[in-house]
Amino acid sequence: MLRISLYELYHTLLDIYGYQNWWPVDEHYHKSRGTDPRDEIIIGTILTQGTAWKNVEKALENIKKEGELSLRFIRKTNHEELAKLIKPSGFYKAKAERLKRVANFFNPTDVVRKVSREELLKIKGVGKESADAILLYAGDKLTFVVDAYTIRLFKRLYNIEGDYDRLKALIEDSIPRDITIYKEFHALIDTHAKMYCKSTPRCGECFLKDFCISAIQSF
DNA sequence: CCCCAGGGACATT
DNA sequence: AATGTCCATGGG
């Protein structure tokens, strides 16, 4: 028996924070250069692994400044140069290799809409969250993205334990099967987790405390 | 100084 | 199947 249904949670977060419009891309950049904005989403997905988005933005700016924010640029740039450009995003040597593998996978381009989750998961460096993020935000495929914030919020709010696929299935079965709602809900969860349901939560100020199991007990 | 951030691979138990 | 460790920069 949930104190607040998942769909009510979605609407509550939407009322408070408004539309997040994820995934953020520089539309003007891609329009003026003829590059694919989906490339930016795929690149950002790898760069943000275990890393604050602020640091990813620095890396993306470096790529724009010194090269081109596209998968073809990733393919033609050597490892050392690529690693140097993405250094601010951390884990840069591993991420340079992951970017190369993903960029080569999406060659020829425009297969992102047809690719399956299983195929993406075969790429070393692409786990469940990255695969789902690419599918949902770059491929407009109806699949929900679970991340560390989702697991933390749902554990506290509902006492639902992690396990990626179980949580993913639960959410997909609890809200309307709509691409925009999937995109927004995931983004809203992250926004709320960053502002209130942080590593050390600010339960006293949180507007969800009356619905939250953890807040009542200990915070 | 500490902890944490839009994860994932790999080793250990 | 769970848990630990490493990868690494930058901000609070």
# chains A, B, ... in the order shown; residues from 1 in each chain; ligands from 1

call {"tool": "interface_residues", "arguments": {"of": "chain A", "to": "chain B", "cutoff": "7 Å", "atoms": "only C-alpha atoms (C1' of nucleotides)", "output": "MDAnalysis selection string"}}
result
chainID A and resid 48:53 125 127

call {"tool": "closest_atom_pairs", "arguments": {"of": "chain A", "to": "chain C", "cutoff": "8 Å", "atoms": "only C-alpha atoms (C1' of nucleotides)", "output": "Markdown table"}}
result
| residue | atom | partner | partner_atom | distance |
| --- | --- | --- | --- | --- |
| A:Asn55 | CA | C:DG10 | C1' | 6.8 |
| A:Lys87 | CA | C:DT9 | C1' | 7.1 |
| A:Pro88 | CA | C:DT9 | C1' | 5.2 |
| A:Ser89 | CA | C:DT9 | C1' | 6.0 |
| A:Gly90 | CA | C:DA8 | C1' | 4.5 |
| A:Phe91 | CA | C:DA8 | C1' | 4.8 |
| A:Tyr92 | CA | C:DA8 | C1' | 7.2 |
| A:Ala94 | CA | C:DC7 | C1' | 7.2 |

call {"tool": "residues_around", "arguments": {"residues": "stretch 105-108 of chain A", "least_positions_apart": "4", "cutoff": "12 Å", "atoms": "only C-alpha atoms (C1' of nucleotides)", "output": "PyMOL selection string"}}
result
chain A and resi 38-39+42-43+70-76+98-101+112-115+119-124+126+134+138-139

call {"tool": "atom_distance", "arguments": {"atom1": "atom CA of A:Asp26", "atom2": "atom CA of A:Glu40"}}
result
8.3 Å

call {"tool": "select_by_dssp", "arguments": {"residues": "chain A", "states": "helix (DSSP H, G or I)", "output": "count of residues only"}}
result
138
